[in-house]
Structure formats: structure tokens, C-alpha cells
Amino acid sequence: MEYVTAVPHPRTEAADTGPNRTGRRSLGVALLFGAVGAAVALLASRQEWCSGVAAVAGGRLPLTAKGSDVTGVPAALAIVGLAALVAVFAVRRVGRVLVAALLALSGAGAVAASVLGAGDSSALDEKAAQAAGDASTTIDALSHTAWPYVAAGGGALILIAGILAVVYGAAWPSMGGRYERSGAPRARKAKALDPDRPEDLWKALDRGEDPTGTA
């Protein structure tokens, strides 16, 4: 004979180890990586990427170039990626996949632009030509910093966030979901008033209702 009990069985952790838990984890990682990656890419773009010396009027002029002087692509794509990270929660289904793909592409583009800009000296050559007043003037003793690769690291974080959004985005919540239901409070069911119970009349008056039932 099977043993029957009215006491509910204790909950196991199985419910917390399924797709919902994976979705929550991926959501947290994507938000963290996307926000940090965009901040790192923007910060690195404002730092010195390269330096050198130009021969000007018989002297030598030291020059430096920031990341924004070399290329504005990583910073611009970081902003696009940050906007896409927020927009992921405002769309659903196909729209979410497209926005997630844009997020991933923004990160990949930031990585590529940063790596390509790591060895670029055109910004310094342009500054040297302006300082010397001669378009043929170029930079000497060229050196580069690690900031381009820091920007590339920020782009990589954005790329990871985009990949997570593509793979797990369907399980993430949507900002629009909470507004699909009517936000108006439910109408309270009118309670019949008993004219023989004065306390009901007073309660109706306290609620701002008309106890007579007239409009």
C-alpha cells in the first residue's frame, strides 16, 4: 500500500538549476561585461596611444597622439554597443536577435579598430606636418603604449556580451512585458449595502462612495 501524506515534499534545488538559472547568470554576465567593456573602451580612447619626435625649424619637437586622434571608431562603437545593450530589453524575438547581433558586431569592430590603430602613425605624421609647415615631414623615434590593446580588451568584453545576448537573450526579461497588461487598478467589486446596517453606510462614506447609489 502506497504511503500518502499531506505534508508537502521539500523543494529541491532542481528548479533553480534549469534554463531560468542559466538565463539569470548569462544576463548578469552580459550586463557586467557590456557596461565595463564600453567604459574601458571609452577610457582607453582618451589616453596616449603613441608618441614621437618631429624635426621642426632645426629643432626637435616631441609629439603625442591620443586614441581619439588615431581613430574614433572604438569609442563610437562602444557607445553603439552600450545603446544596443539597453535596447536588448526593449525588444523581443527577432528584434532582440538583431539588436544582440549589433551588440556583438560593435564589440568585434572595436577590437579590430583598436588593434589596427596600435601601429598607426598617421596621426603623429599629420601633427608633425602641421608643426613644421611641410607636408613631407614625418615623425621619428615612434613609440606606442599599451592603451590600444586595453581598448581592444574593452571591445572583447562587448563582443562577449553580444554573444551571450544572441545565445541566451530569448530567456531574458523584457521591459515591455510589464506594460502589456493594463496598469489600471482593478475595479473593486461593489458590495451591496444593507440599509438596516448603519455601519455599512458609514463605511461607504469613508470610502468616498455614495450610499444612496445615485449618480
# chains A, B, ... in the order shown; residues from 1 in each chain; ligands from 1
$ select_by_dssp --residues "stretch 79-190 of chain A" --states "strand (DSSP E or B)" --output "VMD selection string"
chain A and resid 139 to 144
$ residues_around --residues "stretch 37-43 of chain A" --least-positions-apart "6" --cutoff "7 Å" --atoms "only C-alpha atoms" --output "list in words"
Pro74, Ala75, Ala78, Ile79, Leu82, Ala151, Gly154, Gly155, Leu157 and Ile158 of chain A
$ write_last_selection --atoms "N, CA, C and O atoms" --output "mmCIF file, in the first residue's frame"
data_model
loop_
_atom_site.group_PDB
_atom_site.id
_atom_site.type_symbol
_atom_site.label_atom_id
_atom_site.label_comp_id
_atom_site.auth_asym_id
_atom_site.auth_seq_id
_atom_site.Cartn_x
_atom_site.Cartn_y
_atom_site.Cartn_z
ATOM 1 N N PRO A 74 36.730 52.947 -32.057
ATOM 2 C CA PRO A 74 36.437 52.210 -30.820
ATOM 3 C C PRO A 74 35.487 52.936 -29.887
ATOM 4 O O PRO A 74 34.569 52.315 -29.322
ATOM 5 N N ALA A 75 35.679 54.234 -29.712
ATOM 6 C CA ALA A 75 34.789 54.994 -28.827
ATOM 7 C C ALA A 75 33.372 55.031 -29.380
ATOM 8 O O ALA A 75 32.389 54.870 -28.637
ATOM 9 N N ALA A 78 31.775 51.693 -28.941
ATOM 10 C CA ALA A 78 31.469 51.448 -27.533
ATOM 11 C C ALA A 78 30.131 52.075 -27.163
ATOM 12 O O ALA A 78 29.329 51.482 -26.434
ATOM 13 N N ILE A 79 29.879 53.271 -27.676
ATOM 14 C CA ILE A 79 28.593 53.936 -27.410
ATOM 15 C C ILE A 79 27.450 53.177 -28.076
ATOM 16 O O ILE A 79 26.377 52.977 -27.491
ATOM 17 N N LEU A 82 26.782 50.074 -26.068
ATOM 18 C CA LEU A 82 26.074 50.364 -24.823
ATOM 19 C C LEU A 82 24.595 50.607 -25.087
ATOM 20 O O LEU A 82 23.725 50.151 -24.332
ATOM 21 N N ALA A 151 41.893 49.126 -25.072
ATOM 22 C CA ALA A 151 40.650 49.392 -25.798
ATOM 23 C C ALA A 151 40.144 48.137 -26.494
ATOM 24 O O ALA A 151 38.931 47.873 -26.526
ATOM 25 N N GLY A 154 38.393 46.054 -23.998
ATOM 26 C CA GLY A 154 37.038 46.532 -23.764
ATOM 27 C C GLY A 154 36.087 46.095 -24.868
ATOM 28 O O GLY A 154 34.955 45.685 -24.611
ATOM 29 N N GLY A 155 36.566 46.155 -26.116
ATOM 30 C CA GLY A 155 35.748 45.678 -27.226
ATOM 31 C C GLY A 155 35.458 44.192 -27.123
ATOM 32 O O GLY A 155 34.363 43.734 -27.478
ATOM 33 N N LEU A 157 35.078 42.487 -24.367
ATOM 34 C CA LEU A 157 34.016 42.315 -23.380
ATOM 35 C C LEU A 157 32.644 42.611 -23.986
ATOM 36 O O LEU A 157 31.664 41.911 -23.708
ATOM 37 N N ILE A 158 32.580 43.642 -24.824
ATOM 38 C CA ILE A 158 31.317 43.950 -25.503
ATOM 39 C C ILE A 158 30.936 42.816 -26.439
ATOM 40 O O ILE A 158 29.754 42.443 -26.545
#
$ residues_around --residues "A:Ser26" --least-positions-apart "5" --cutoff "8 Å" --atoms "only C-alpha atoms" --output "list in words"
Leu164, Ala165 and Tyr168 of chain A
$ atom_distance --atom1 "atom CA of A:Ala156" --atom2 "atom CA of A:Gly23"
20.9 Å
$ closest_residue --among "A:Gly95, A:Gly119, A:Gly81, A:Gly58" --to "A:Ala161" --atoms "only C-alpha atoms"
A:Gly81
$ residues_around --residues "A:Asp69" --least-positions-apart "3" --cutoff "7 Å" --atoms "only C-alpha atoms" --output "PyMOL selection string"
chain A and resi 65-66+123
$ write_last_selection --atoms "N, CA and C atoms" --output "PDB file, in the first residue's frame"
ATOM      1  N   ALA A  65      49.933  61.476 -29.446  1.00  0.00           N
ATOM      2  CA  ALA A  65      48.596  61.324 -30.037  1.00  0.00           C
ATOM      3  C   ALA A  65      47.750  60.440 -29.137  1.00  0.00           C
ATOM      4  N   LYS A  66      46.531  60.889 -28.857  1.00  0.00           N
ATOM      5  CA  LYS A  66      45.587  60.094 -28.084  1.00  0.00           C
ATOM      6  C   LYS A  66      44.876  59.097 -28.990  1.00  0.00           C
ATOM      7  N   ALA A 123      48.430  59.823 -37.397  1.00  0.00           N
ATOM      8  CA  ALA A 123      48.027  60.978 -36.588  1.00  0.00           C
ATOM      9  C   ALA A 123      49.239  61.804 -36.180  1.00  0.00           C
TER      10      ALA A 123
END
$ closest_residue --among "A:Val36, A:Ala101, A:Leu77, A:Ala84" --to "A:Ser114" --atoms "only C-alpha atoms"
A:Leu77
$ closest_residue --among "A:Phe89, A:Trp147, A:Trp49, A:Phe33" --to "A:Leu124" --atoms "only C-alpha atoms"
A:Trp49
$ residues_around --residues "A:Leu142" --least-positions-apart "3" --cutoff "7 Å" --atoms "only C-alpha atoms" --output "PyMOL selection string"
chain A and resi 51-52+139
$ residues_around --residues "A:Leu159" --least-positions-apart "4" --cutoff "8 Å" --atoms "only C-alpha atoms" --output "PyMOL selection string"
chain A and resi 34+103-108+155+163
$ closest_residue --among "A:Leu31, A:Asp134, A:Ala118, A:Lys203" --to "A:Ala87" --atoms "only C-alpha atoms"
A:Leu31
$ closest_residue --among "A:Val94, A:Ala152, A:Ala54, A:Leu61" --to "A:Ala113" --atoms "only C-alpha atoms"
A:Ala152
$ atom_distance --atom1 "atom CA of A:Pro62" --atom2 "atom CA of A:Ser45"
20.4 Å
$ residues_around --residues "A:Ala135" --least-positions-apart "6" --cutoff "10 Å" --atoms "only C-alpha atoms" --output "PDB file with C-alpha atoms, in the first residue's frame"
ATOM      1  CA  ASP A 125      52.718  62.431 -39.023  1.00  0.00           C
ATOM      2  CA  GLU A 126      49.838  64.852 -39.524  1.00  0.00           C
ATOM      3  CA  LYS A 127      50.757  66.736 -36.359  1.00  0.00           C
ATOM      4  CA  ALA A 128      54.403  66.862 -37.429  1.00  0.00           C
ATOM      5  CA  ALA A 129      53.471  68.252 -40.850  1.00  0.00           C
TER       6      ALA A 129
END
